[in-house]
file entry_21.txt (compact mmCIF, C-alpha atoms)
# COMPACT_ATOMS: atom_id res chain seq x y z
CA MET A 1 75.56 108.52 92.48
CA TYR A 2 79.12 108.47 91.14
CA PHE A 3 77.89 108.49 87.54
CA LEU A 4 75.43 111.32 88.21
CA ARG A 5 78.17 113.43 89.79
CA LYS A 6 80.52 112.69 86.86
CA PHE A 7 77.74 113.52 84.36
CA LEU A 8 76.95 116.84 86.07
CA LEU A 9 80.63 117.71 86.20
CA SER A 10 80.92 116.97 82.47
CA ILE A 11 77.96 119.23 81.70
CA ALA A 12 79.42 122.03 83.85
CA LEU A 13 82.75 121.75 82.07
CA PHE A 14 81.04 121.75 78.66
CA LEU A 15 79.03 124.87 79.52
CA THR A 16 82.17 126.62 80.75
CA VAL A 17 83.99 125.87 77.50
CA ILE A 18 81.00 126.97 75.40
CA SER A 19 80.68 130.25 77.30
CA GLN A 20 84.35 131.00 76.70
CA VAL A 21 84.14 130.23 72.98
CA HIS A 22 81.42 132.80 72.35
CA ALA A 23 82.37 135.78 74.49
CA ASP A 24 80.91 139.20 73.77
CA PHE A 25 83.47 141.99 73.95
CA ASN A 26 84.16 145.70 73.59
CA GLY A 27 86.90 147.28 71.56
CA LYS A 28 88.05 150.01 69.23
CA VAL A 29 87.66 149.61 65.46
CA ILE A 30 91.22 150.00 64.19
CA LYS A 31 90.68 148.97 60.56
CA VAL A 32 87.76 148.60 58.19
CA ILE A 33 88.72 145.87 55.72
CA ASP A 34 85.58 146.05 53.58
CA GLY A 35 81.84 146.49 54.02
CA ASP A 36 81.45 143.47 56.25
CA THR A 37 84.82 142.91 57.95
CA VAL A 38 86.71 144.97 60.53
CA ASP A 39 89.63 144.66 62.94
CA ILE A 40 88.94 145.50 66.56
CA LEU A 41 91.47 146.10 69.33
CA THR A 42 90.22 144.99 72.73
CA PRO A 43 91.14 146.77 75.98
CA LYS A 44 93.61 143.88 76.58
CA LYS A 45 95.31 144.82 73.27
CA GLN A 46 94.07 141.72 71.47
CA LYS A 47 93.32 142.28 67.76
CA ILE A 48 90.20 140.46 66.61
CA ARG A 49 88.97 140.29 63.03
CA VAL A 50 85.18 140.47 62.98
CA ARG A 51 82.96 139.46 60.07
CA LEU A 52 79.58 141.15 60.45
CA LEU A 53 76.96 138.47 61.03
CA ASP A 54 73.95 138.04 58.72
CA ILE A 55 75.15 140.46 56.03
CA ASP A 56 77.15 140.21 52.80
CA ALA A 57 78.66 143.41 51.42
CA PRO A 58 79.83 143.93 47.84
CA GLU A 59 83.40 142.81 47.17
CA SER A 60 86.00 145.58 46.93
CA GLN A 61 86.39 145.08 43.15
CA GLN A 62 82.66 145.19 42.37
CA ALA A 63 80.25 148.09 42.07
CA TYR A 64 79.49 149.65 45.48
CA GLY A 65 82.34 147.72 47.12
CA LYS A 66 84.32 150.86 47.91
CA ALA A 67 81.15 152.74 48.85
CA SER A 68 80.16 149.96 51.25
CA ARG A 69 83.57 150.02 52.95
CA LYS A 70 83.51 153.82 53.12
CA TYR A 71 80.03 153.85 54.65
CA LEU A 72 80.98 151.28 57.32
CA ALA A 73 84.12 153.31 58.08
CA SER A 74 82.02 156.48 58.44
CA LEU A 75 79.90 154.70 61.05
CA ILE A 76 82.51 153.00 63.23
CA ALA A 77 86.17 153.62 62.24
CA GLY A 78 88.16 154.65 65.30
CA LYS A 79 85.15 154.22 67.59
CA ASN A 80 84.58 151.99 70.57
CA VAL A 81 81.99 149.33 69.81
CA PHE A 82 80.38 146.32 71.44
CA VAL A 83 80.50 142.98 69.61
CA GLN A 84 77.92 140.30 70.27
CA GLU A 85 79.87 137.23 69.19
CA SER A 86 78.06 134.38 67.49
CA ASN A 87 80.65 131.95 66.19
CA LYS A 88 83.78 131.63 64.04
CA ASP A 89 83.73 131.28 60.26
CA ILE A 90 85.89 128.93 58.20
CA TYR A 91 88.64 131.60 58.15
CA GLN A 92 88.57 131.78 61.97
CA ARG A 93 87.13 135.30 61.95
CA THR A 94 84.72 136.13 64.72
CA LEU A 95 81.16 136.31 63.42
CA GLY A 96 79.33 138.99 65.32
CA THR A 97 76.84 141.80 65.51
CA ILE A 98 78.47 145.18 66.07
CA TYR A 99 76.75 147.84 68.15
CA LEU A 100 77.70 151.49 68.40
CA GLU A 101 75.91 152.64 71.49
CA GLN A 102 72.60 150.79 70.95
CA ILE A 103 72.67 150.93 67.15
CA ASN A 104 72.94 147.61 65.32
CA ILE A 105 75.57 148.41 62.67
CA ASN A 106 74.97 145.17 60.74
CA ALA A 107 71.30 146.11 60.30
CA LYS A 108 72.21 149.70 59.41
CA MET A 109 74.45 148.46 56.56
CA VAL A 110 71.56 146.50 55.04
CA ALA A 111 68.89 149.14 55.76
CA ASN A 112 70.91 151.80 53.93
CA GLY A 113 71.65 149.62 50.91
CA PHE A 114 75.34 148.90 51.51
CA ALA A 115 74.96 145.14 52.05
CA TRP A 116 72.64 142.24 51.33
CA ALA A 117 71.03 139.96 53.87
CA TYR A 118 73.44 137.00 54.07
CA ARG A 119 72.31 133.85 52.33
CA TYR A 120 73.70 130.36 52.70
CA LYS A 121 72.89 128.19 49.70
CA GLY A 122 70.15 130.68 48.82
CA ILE A 123 68.54 130.66 52.25
CA VAL A 124 68.48 133.76 54.47
CA ASN A 125 69.42 133.15 58.11
CA ASN A 126 67.91 136.34 59.52
CA ASN A 127 64.45 137.35 58.32
CA ASN A 128 64.78 140.82 59.85
CA MET A 129 67.77 141.47 57.57
CA LEU A 130 65.70 140.30 54.59
CA LYS A 131 62.96 142.80 55.51
CA LEU A 132 65.54 145.60 55.77
CA GLU A 133 67.02 144.58 52.41
CA SER A 134 63.57 144.59 50.77
CA LYS A 135 62.81 148.05 52.14
CA ALA A 136 66.19 149.43 50.98
CA LYS A 137 65.57 147.90 47.55
CA GLN A 138 62.07 149.38 47.38
CA ASN A 139 63.45 152.83 48.33
CA LYS A 140 66.44 152.49 45.94
CA LYS A 141 68.99 153.11 48.67
CA GLY A 142 72.71 152.58 48.14
CA LEU A 143 73.48 149.71 45.78
CA TRP A 144 69.78 149.39 44.98
CA LYS A 145 70.07 152.55 42.85
CA ASP A 146 71.73 150.25 40.31
CA LYS A 147 69.25 148.67 37.89
CA ARG A 148 70.81 145.19 38.25
CA PRO A 149 73.16 144.98 41.22
CA ILE A 150 75.21 141.81 41.37
CA ALA A 151 75.06 139.97 44.68
CA PRO A 152 78.49 139.37 46.25
CA TRP A 153 78.09 135.58 46.15
CA GLU A 154 77.35 135.78 42.41
CA PHE A 155 80.34 138.08 41.88
CA ARG A 156 82.63 135.68 43.76
CA TYR A 157 81.32 132.71 41.76
CA ARG A 158 81.84 134.49 38.41
CA ASN A 159 85.36 135.57 39.37
CA LYS A 160 86.74 132.25 40.66
call {"tool": "encode", "arguments": {"input": "entry_21.txt", "output": "structure tokens"}}
result
Amino acid sequence: MYFLRKFLLSIALFLTVISQVHADFNGKVIKVIDGDTVDILTPKKQKIRVRLLDIDAPESQQAYGKASRKYLASLIAGKNVFVQESNKDIYQRTLGTIYLEQININAKMVANGFAWAYRYKGIVNNNNMLKLESKAKQNKKGLWKDKRPIAPWEFRYRNK
């Protein structure tokens, strides 16, 4: 009985810690860094850098980089948003999906051709984003107007 109680207590503690690590939150977008990264100020005045989950926007120095940042800013700069937190990346940024009202901003960036579906080692994590990317490409939206757009991961590799 002692071991069962200790085991259940350990599980409860683990679940408490996990729930605190990935906490959804609201806040005001105070800075748009680029097409896939923003700073958000929470109601408790905590500044959180958020990397939009499942997308990869052009780098600032590459074609459509400034346009991607500008488009994201037009959608959410200075606005109150909801962030569905997923995890942290290697730079300790919050990975999350941003919603303005009920609109998924991450998906809107891809659907309008201002970001790619994120790939890790060539594999897409979110098939819905891949479908949105394919449709934007087919309709020549945003960066897909370019005959041969360079994916951000290729741009970063070439410019190491």
call {"tool": "closest_residue", "arguments": {"input": "entry_21.txt", "among": "A:Lys66, A:Lys88, A:Thr94, A:Leu72", "to": "Ile48 of chain A", "atoms": "all atoms listed in the file"}}
result
A:Thr94
call {"tool": "closest_residue", "arguments": {"input": "entry_21.txt", "among": "A:Ser86, A:Gln102, A:Ser134, A:Ser68", "to": "Pro152 of chain A", "atoms": "all atoms listed in the file"}}
result
A:Ser68
call {"tool": "closest_residue", "arguments": {"input": "entry_21.txt", "among": "A:Val124, A:Ala67, A:Leu132, A:Val29", "to": "Ile98 of chain A", "atoms": "all atoms listed in the file"}}
result
A:Val29
call {"tool": "closest_residue", "arguments": {"input": "entry_21.txt", "among": "A:Leu53, A:Leu41, A:Val32, A:Ile103", "to": "Asn87 of chain A", "atoms": "all atoms listed in the file"}}
result
A:Leu53
call {"tool": "atom_distance", "arguments": {"input": "entry_21.txt", "atom1": "atom CA of Ile33 of chain A", "atom2": "atom CA of Arg49 of chain A"}}
result
9.2 Å
call {"tool": "closest_residue", "arguments": {"input": "entry_21.txt", "among": "A:Ile40, A:Val110, A:Leu95, A:Val83", "to": "Trp144 of chain A", "atoms": "all atoms listed in the file"}}
result
A:Val110
call {"tool": "residues_around", "arguments": {"input": "entry_21.txt", "residues": "Ala63 of chain A", "least_positions_apart": "6", "cutoff": "12 Å", "atoms": "only C-alpha atoms", "output": "list in words"}}
result
Ala57, Arg69, Phe114, Ala115, Gly142, Leu143, Trp144, Lys145, Asp146, Lys147, Arg148, Pro149, Ile150, Ala151, Pro152 and Phe155 of chain A
call {"tool": "write_last_selection", "arguments": {"input": "entry_21.txt", "atoms": "C-alpha atoms", "output": "JSON list (two decimals), keeping the file's coordinate frame"}}
result
[["chain", "number", "residue", "atom", "x", "y", "z"],
["A", 57, "ALA", "CA", 78.66, 143.41, 51.42],
["A", 69, "ARG", "CA", 83.57, 150.02, 52.95],
["A", 114, "PHE", "CA", 75.34, 148.90, 51.51],
["A", 115, "ALA", "CA", 74.96, 145.14, 52.05],
["A", 142, "GLY", "CA", 72.71, 152.58, 48.14],
["A", 143, "LEU", "CA", 73.48, 149.71, 45.78],
["A", 144, "TRP", "CA", 69.78, 149.39, 44.98],
["A", 145, "LYS", "CA", 70.07, 152.55, 42.85],
["A", 146, "ASP", "CA", 71.73, 150.25, 40.31],
["A", 147, "LYS", "CA", 69.25, 148.67, 37.89],
["A", 148, "ARG", "CA", 70.81, 145.19, 38.25],
["A", 149, "PRO", "CA", 73.16, 144.98, 41.22],
["A", 150, "ILE", "CA", 75.21, 141.81, 41.37],
["A", 151, "ALA", "CA", 75.06, 139.97, 44.68],
["A", 152, "PRO", "CA", 78.49, 139.37, 46.25],
["A", 155, "PHE", "CA", 80.34, 138.08, 41.88]]
call {"tool": "residues_around", "arguments": {"input": "entry_21.txt", "residues": "Asn106 of chain A", "least_positions_apart": "6", "cutoff": "10 Å", "atoms": "all atoms listed in the file", "output": "JSON, numbers by chain"}}
result
{"A": [35, 36, 51, 52, 53, 54, 55, 56, 72, 96, 97, 98, 99, 114, 115, 117, 129]}
